[in-house]
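Visitor: Sharing upload.txt here; it has compact mmCIF, C-alpha atoms.
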```txt
# COMPACT_ATOMS: atom_id res chain seq x y z
CA MET A 1 -32.63 -75.83 29.44
CA PRO A 2 -30.29 -75.97 32.44
CA GLU A 3 -28.70 -72.57 31.70
CA MET A 4 -32.03 -70.88 32.33
CA THR A 5 -31.88 -72.00 35.95
CA LYS A 6 -28.42 -70.55 36.62
CA GLN A 7 -28.31 -67.95 39.36
CA ARG A 8 -27.37 -64.63 37.79
CA PRO A 9 -25.70 -62.21 38.17
CA LYS A 10 -22.59 -64.27 38.94
CA HIS A 11 -20.46 -63.23 41.87
CA LEU A 12 -16.75 -63.67 41.29
CA ALA A 13 -14.13 -64.89 43.79
CA LEU A 14 -11.55 -62.17 43.09
CA ASN A 15 -8.86 -63.69 45.32
CA GLU A 16 -8.85 -66.96 43.35
CA ILE A 17 -8.53 -65.47 39.90
CA ARG A 18 -5.15 -65.33 38.16
CA LEU A 19 -5.27 -62.97 35.22
CA PRO A 20 -3.26 -62.93 32.00
CA LEU A 21 -2.02 -59.48 30.94
CA ALA A 22 -5.10 -58.80 28.80
CA GLY A 23 -7.26 -59.61 31.82
CA PHE A 24 -5.14 -57.34 34.00
CA ALA A 25 -5.52 -54.48 31.50
CA SER A 26 -9.23 -55.23 31.42
CA ILE A 27 -9.67 -55.04 35.19
CA LEU A 28 -7.72 -51.78 35.12
CA HIS A 29 -10.39 -50.53 32.71
CA ARG A 30 -12.90 -51.14 35.47
CA VAL A 31 -10.68 -49.73 38.23
CA SER A 32 -9.94 -46.59 36.21
CA GLY A 33 -13.61 -46.12 35.40
CA ALA A 34 -14.54 -46.47 39.07
CA GLY A 35 -11.87 -43.95 40.06
CA LEU A 36 -13.07 -41.45 37.48
CA PHE A 37 -16.64 -41.89 38.70
CA LEU A 38 -15.68 -41.42 42.37
CA LEU A 39 -13.68 -38.25 41.71
CA LEU A 40 -16.08 -36.79 39.14
CA PRO A 41 -17.25 -34.10 41.62
CA LEU A 42 -13.65 -32.84 41.91
CA LEU A 43 -13.36 -32.56 38.13
CA ILE A 44 -16.70 -30.76 37.76
CA TRP A 45 -15.70 -28.40 40.58
CA LEU A 46 -12.42 -27.63 38.81
CA LEU A 47 -14.35 -27.02 35.57
CA GLN A 48 -16.59 -24.62 37.48
CA LEU A 49 -13.61 -22.76 38.96
CA SER A 50 -11.84 -22.62 35.60
CA LEU A 51 -14.90 -21.06 33.98
CA GLY A 52 -15.87 -18.76 36.86
CA SER A 53 -15.85 -15.04 36.10
CA THR A 54 -15.08 -13.76 39.60
CA GLN A 55 -11.70 -12.95 41.10
CA ALA A 56 -12.45 -15.45 43.87
CA SER A 57 -12.87 -18.34 41.43
CA THR A 58 -9.62 -17.41 39.67
CA GLU A 59 -7.73 -17.46 42.97
CA MET A 60 -9.43 -20.63 44.19
CA PHE A 61 -8.59 -22.43 40.94
CA ALA A 62 -4.93 -21.43 41.26
CA ALA A 63 -4.82 -22.46 44.92
CA VAL A 64 -6.50 -25.85 44.37
CA THR A 65 -4.50 -26.85 41.28
CA GLY A 66 -1.32 -25.60 42.95
CA ASN A 67 -1.74 -28.02 45.85
CA TRP A 68 0.63 -31.00 45.49
CA LEU A 69 -1.92 -33.51 46.78
CA VAL A 70 -4.44 -32.32 44.19
CA LYS A 71 -1.74 -32.55 41.53
CA LEU A 72 -1.05 -36.13 42.58
CA ILE A 73 -4.76 -36.98 42.41
CA LEU A 74 -5.05 -35.31 38.99
CA LEU A 75 -2.04 -37.28 37.80
CA GLY A 76 -3.79 -40.47 38.88
CA LEU A 77 -7.00 -39.39 37.16
CA LEU A 78 -5.01 -38.51 34.04
CA TRP A 79 -3.69 -42.07 33.90
CA ALA A 80 -7.18 -43.43 34.64
CA PHE A 81 -8.66 -41.40 31.79
CA LEU A 82 -5.94 -42.34 29.31
CA HIS A 83 -6.05 -46.03 30.21
CA HIS A 84 -9.85 -46.02 29.97
CA PHE A 85 -9.63 -44.20 26.62
CA CYS A 86 -7.03 -46.57 25.09
CA MET A 87 -8.73 -49.68 26.46
CA GLY A 88 -12.05 -48.38 25.13
CA ILE A 89 -10.61 -48.16 21.64
CA ARG A 90 -9.27 -51.71 21.99
CA ILE A 91 -12.74 -52.90 23.03
CA LEU A 92 -14.36 -51.15 20.06
CA LEU A 93 -11.83 -52.74 17.69
CA ILE A 94 -12.49 -56.20 19.12
CA ASP A 95 -16.22 -55.51 18.73
CA ILE A 96 -15.67 -55.15 14.98
CA HIS A 97 -13.49 -58.30 14.98
CA VAL A 98 -10.12 -56.57 14.77
CA GLY A 99 -7.42 -58.26 16.88
CA VAL A 100 -9.54 -61.08 18.26
CA GLU A 101 -6.83 -63.78 17.96
CA LYS A 102 -5.06 -64.68 21.20
CA GLN A 103 -1.64 -63.29 20.28
CA GLN A 104 -3.07 -60.10 18.74
CA ALA A 105 -5.27 -59.55 21.79
CA HIS A 106 -2.22 -59.94 24.03
CA ASN A 107 -0.22 -57.49 21.90
CA SER A 108 -2.98 -54.90 21.91
CA ALA A 109 -3.25 -55.18 25.70
CA VAL A 110 0.50 -54.52 25.94
CA ALA A 111 0.05 -51.56 23.58
CA VAL A 112 -2.75 -50.14 25.73
CA MET A 113 -0.59 -50.33 28.87
CA VAL A 114 2.46 -48.81 27.19
CA VAL A 115 0.64 -46.06 25.28
CA SER A 116 -1.49 -44.96 28.24
CA LEU A 117 1.54 -44.83 30.55
CA ALA A 118 3.60 -42.94 27.95
CA LEU A 119 0.81 -40.40 27.38
CA THR A 120 0.41 -40.06 31.16
CA ALA A 121 4.11 -39.19 31.36
CA ILE A 122 3.85 -36.65 28.52
CA PHE A 123 0.71 -34.89 29.78
CA GLY A 124 1.67 -35.45 33.43
CA LEU A 125 4.93 -33.52 33.03
CA LYS A 126 2.85 -30.68 31.55
CA LEU A 127 0.45 -30.92 34.50
CA LEU A 128 3.35 -30.75 36.95
CA GLY A 129 4.74 -27.75 35.10
CA ALA A 130 7.91 -29.40 33.78
CA TYR A 131 7.50 -27.65 30.42
CA MET B 1 -40.71 -70.45 28.90
CA GLN B 2 -39.86 -69.49 32.42
CA ARG B 3 -37.46 -66.66 32.88
CA LEU B 4 -35.53 -66.14 36.09
CA VAL B 5 -35.87 -62.50 37.03
CA VAL B 6 -32.66 -61.18 38.56
CA GLY B 7 -33.10 -57.45 38.16
CA ALA B 8 -30.42 -57.15 35.50
CA GLY B 9 -30.90 -55.56 32.13
CA TYR B 10 -30.96 -58.12 29.35
CA GLY B 11 -28.21 -56.51 27.55
CA LEU B 12 -28.10 -55.27 24.00
CA LYS B 13 -29.40 -51.76 24.62
CA ASP B 14 -26.88 -51.07 27.41
CA TRP B 15 -24.07 -52.69 25.45
CA LEU B 16 -24.81 -50.47 22.46
CA ALA B 17 -25.32 -47.34 24.56
CA GLN B 18 -21.95 -47.95 26.20
CA ARG B 19 -20.29 -48.03 22.75
CA ILE B 20 -22.09 -44.99 21.38
CA THR B 21 -21.45 -42.83 24.44
CA GLY B 22 -17.83 -44.02 24.45
CA VAL B 23 -17.36 -42.96 20.82
CA VAL B 24 -18.96 -39.56 21.52
CA MET B 25 -16.60 -38.97 24.44
CA ALA B 26 -13.55 -40.16 22.50
CA ALA B 27 -14.37 -37.79 19.63
CA PHE B 28 -14.88 -34.91 22.07
CA THR B 29 -11.54 -35.75 23.71
CA LEU B 30 -9.73 -35.50 20.37
CA ILE B 31 -11.47 -32.19 19.62
CA MET B 32 -10.38 -30.82 23.01
CA PHE B 33 -6.83 -32.04 22.42
CA ALA B 34 -6.73 -30.30 19.04
CA ALA B 35 -8.16 -27.14 20.64
CA ALA B 36 -5.47 -27.25 23.33
CA LEU B 37 -2.79 -27.51 20.64
CA GLY B 38 -4.45 -24.51 18.98
CA GLY B 39 -4.11 -22.45 22.17
CA ALA B 40 -7.63 -22.76 23.61
CA MET B 41 -6.13 -23.49 27.05
CA ALA B 42 -3.26 -21.01 26.83
CA SER B 43 -4.94 -18.54 29.18
CA ARG B 44 -8.05 -18.25 31.31
CA GLU B 45 -9.58 -15.79 28.82
CA ALA B 46 -8.89 -18.05 25.83
CA TRP B 47 -10.35 -21.06 27.68
CA GLN B 48 -13.52 -19.20 28.65
CA ALA B 49 -14.00 -17.82 25.13
CA PHE B 50 -13.53 -21.30 23.68
CA MET B 51 -15.96 -22.99 26.07
CA GLY B 52 -18.50 -20.21 25.55
CA ASN B 53 -18.66 -20.84 21.80
CA GLY B 54 -22.13 -22.07 20.86
CA PHE B 55 -20.99 -25.15 18.97
CA ILE B 56 -18.49 -26.18 21.65
CA ARG B 57 -21.23 -25.75 24.24
CA PHE B 58 -23.44 -28.06 22.20
CA LEU B 59 -20.63 -30.65 22.06
CA SER B 60 -19.89 -30.22 25.79
CA PHE B 61 -23.55 -30.90 26.52
CA LEU B 62 -23.41 -34.13 24.50
CA PHE B 63 -20.20 -35.09 26.31
CA ILE B 64 -21.73 -34.56 29.76
CA VAL B 65 -24.86 -36.56 28.91
CA SER B 66 -22.73 -39.34 27.36
CA LEU B 67 -20.42 -39.40 30.37
CA CYS B 68 -23.25 -39.76 32.86
CA TYR B 69 -25.05 -42.47 30.88
CA HIS B 70 -21.74 -44.32 30.35
CA ALA B 71 -20.87 -44.08 34.05
CA TRP B 72 -24.34 -45.33 35.00
CA VAL B 73 -23.97 -48.50 32.90
CA GLY B 74 -20.38 -49.08 34.05
CA VAL B 75 -20.86 -48.46 37.75
CA ARG B 76 -24.11 -50.44 37.80
CA ASP B 77 -22.21 -53.38 36.26
CA ILE B 78 -19.66 -53.14 39.07
CA TRP B 79 -22.37 -53.31 41.74
CA MET B 80 -24.06 -56.22 39.93
CA ASP B 81 -20.79 -58.18 39.65
CA TYR B 82 -19.56 -57.92 43.21
CA LEU B 83 -22.51 -57.42 45.53
CA ASN B 84 -24.59 -60.34 46.69
CA SER B 85 -27.18 -58.47 48.69
CA ALA B 86 -30.11 -57.32 46.55
CA ALA B 87 -30.97 -54.65 49.12
CA LEU B 88 -27.46 -53.18 49.06
CA ARG B 89 -27.41 -53.35 45.25
CA LEU B 90 -30.69 -51.49 45.01
CA PHE B 91 -29.48 -48.86 47.47
CA LEU B 92 -26.22 -48.28 45.56
CA HIS B 93 -27.98 -48.30 42.17
CA VAL B 94 -30.28 -45.55 43.40
CA MET B 95 -27.39 -43.58 44.97
CA THR B 96 -25.35 -43.88 41.75
CA LEU B 97 -28.26 -42.77 39.62
CA LEU B 98 -29.07 -39.79 41.84
CA ALA B 99 -25.42 -38.73 41.96
CA LEU B 100 -25.04 -38.91 38.19
CA VAL B 101 -28.24 -37.00 37.48
CA GLY B 102 -27.09 -34.33 39.93
CA TYR B 103 -23.60 -34.18 38.38
CA ALA B 104 -25.13 -33.81 34.92
CA GLY B 105 -27.28 -30.89 36.05
CA TRP B 106 -24.34 -29.26 37.83
CA ALA B 107 -21.96 -29.61 34.87
CA ILE B 108 -24.55 -28.48 32.33
CA GLN B 109 -25.38 -25.31 34.26
CA ILE B 110 -21.63 -24.52 34.42
CA ILE B 111 -21.27 -24.56 30.64
CA TRP B 112 -24.73 -23.17 29.92
CA ARG B 113 -24.38 -19.90 31.78
CA LEU B 114 -21.25 -18.93 29.84
```
Let me see whether you can do it: turn the structure in this file into structure tokens.

Guide:
Amino acid sequence: MPEMTKQRPKHLALNEIRLPLAGFASILHRVSGAGLFLLLPLLIWLLQLSLGSTQASTEMFAAVTGNWLVKLILLGLLWAFLHHFCMGIRILLIDIHVGVEKQQAHNSAVAVMVVSLALTAIFGLKLLGAY
Amino acid sequence: MQRLVVGAGYGLKDWLAQRITGVVMAAFTLIMFAAALGGAMASREAWQAFMGNGFIRFLSFLFIVSLCYHAWVGVRDIWMDYLNSAALRLFLHVMTLLALVGYAGWAIQIIWRL
């Protein structure tokens, strides 16, 4: 059995790969997941500040979330979460054989990109205090 | 039959765990969204009262555990896909695992002392 002798895990040549849209949405699933993982300490810290009972935690929470750089990072994380969420639902649907055909899979990838960006705009404007 | 040992998991358990933890987190997300619409995030007091509710605390605990398990499988896959050096992979696997266990403890004590 030749496949048993293959060297795994495979290591991919990222610079040589040209992705269709579904592949692009898929790699963004990985990128967004990595970003959420890397900035998880920031999110847990904000949770801690938001639930703190002291005056200091109230003021610190206001100061941190009022910082424009933090807002920008949170906006990025908001997109990352929403993309990861939408793409996750697409993956679960494909797992149960919904939308496996090539055209359907392409359409659902478009839907994931559009919906996650639209939701980012809606929640992002709230985050930035537009309404 | 000879099996080439490469240090990877052989699959189904992680695949399934990734789905189950994902569904748990998605459900929790929808609950939090509904709570926000219901005013649970309208003020600091409302937010703290909501998160201090026993049932919500139970769900938050499940979310945190799911998140850390999910991140472990996902981040480990990233290291396995792109890193050639077994030594570097092992180092980053251990670092990832330690970070996630620490994050879980940190997040759980935040919600548990409410």

Visitor: Neighbours of segment 53-69 of chain A within 12 Å (all atoms listed in the file; same-chain residues fewer than 6 positions away dropped), as number ranges by chain?

Guide: A: 42-43, 45-47, 75-76, 127-129; B: 43-45, 47-49, 110, 113-114

Visitor: So, counting all atoms listed in the file, which residue among B:Met80, B:Leu62, B:Leu90, B:Ala40 is closest to chain A?

Guide: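 Nearest candidate to chain A out of B:Met80, B:Leu62, B:Leu90, B:Ala40: B:Met80.
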
Visitor: Mind checking which residues fall within 12 Å of Ile17 of chain A, counting only C-alpha atoms, ignoring those fewer than 6 positions away in the same chain, and posting them as a PDB file with C-alpha atoms, keeping the file's coordinate frame?

Guide:
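Once written, part05.pdb looks like this:
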```pdb
ATOM      1  CA  GLY A  23      -7.260 -59.610  31.820  1.00  0.00           C
ATOM      2  CA  PHE A  24      -5.140 -57.340  34.000  1.00  0.00           C
ATOM      3  CA  ILE A  27      -9.670 -55.040  35.190  1.00  0.00           C
TER       4      ILE A  27
END
```

Visitor: Can you pull out the residues contacting Leu83 of chain B? Cut-off 10 Å, using all atoms listed in the file, and skip same-chain residues under 2 positions away; I want them as an MDAnalysis selection string.

Guide: (chainID A and resid 9:12) or (chainID B and resid 78:81 85:89 92)

Visitor: Produce a file of the selected residues containing C-alpha atoms, as a compact mmCIF listing (two decimals), in the frame of the given file.

Guide:
```txt
# COMPACT_ATOMS: atom_id res chain seq x y z
CA PRO A 9 -25.70 -62.21 38.17
CA LYS A 10 -22.59 -64.27 38.94
CA HIS A 11 -20.46 -63.23 41.87
CA LEU A 12 -16.75 -63.67 41.29
CA ILE B 78 -19.66 -53.14 39.07
CA TRP B 79 -22.37 -53.31 41.74
CA MET B 80 -24.06 -56.22 39.93
CA ASP B 81 -20.79 -58.18 39.65
CA SER B 85 -27.18 -58.47 48.69
CA ALA B 86 -30.11 -57.32 46.55
CA ALA B 87 -30.97 -54.65 49.12
CA LEU B 88 -27.46 -53.18 49.06
CA ARG B 89 -27.41 -53.35 45.25
CA LEU B 92 -26.22 -48.28 45.56
```

Visitor: With distances taken over all atoms listed in the file, which residue among B:Ile108, B:Ala27, B:Leu59, B:Ala71 lies nearest chain A?

Guide: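 The answer is B:Ala71, which sits nearest to chain A.
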
Visitor: Can you pull out the residues contacting segment 77-92 of chain A? Cut-off 7 Å, using only C-alpha atoms, and skip same-chain residues under 4 positions away; I want them as a list in words.

Guide: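 These residues fall inside the cut-off: His29, Ser32, Gly33, Leu36, Ile73, Ile96, Val112, Ser116, Leu117 and Thr120 of chain A; Ala26 of chain B.
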
Visitor: Between atom CA of Ala105 of chain A and atom CA of Leu119 of chain A, what distance in Å does the model show, to one decimal?

Guide: 20.9 Å

Visitor: Taking into account all atoms listed in the file, which residue in the set A:Ile44, A:Ile94, A:Val31, A:Leu21 is nearest to Gly105 of chain B?

Guide: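 The answer is A:Ile44, which sits nearest to Gly105 of chain B.
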
Visitor: Show me, as an NGL selection string, the residues that have an atom within 10 Å of Leu100 of chain B when counting all atoms listed in the file, minus same-chain residues fewer than 3 positions from it.

Guide: (:A and (37 or 40-41)) or (:B and (65 or 67-69 or 71-72 or 94-97 or 103-106))

Visitor: Just the number, please: distance in Å from atom CA of Gly74 of chain B to atom CA of Asp14 of chain B, one decimal.

Guide: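 A separation of 9.5 Å between them.
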
Visitor: Using all atoms listed in the file, find the one residue out of A:Tyr131, A:Leu49, A:Leu39, A:Ala34 that sits nearest to Asp77 of chain B.

Guide: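 Closest to Asp77 of chain B, using all atoms listed in the file: A:Ala34.
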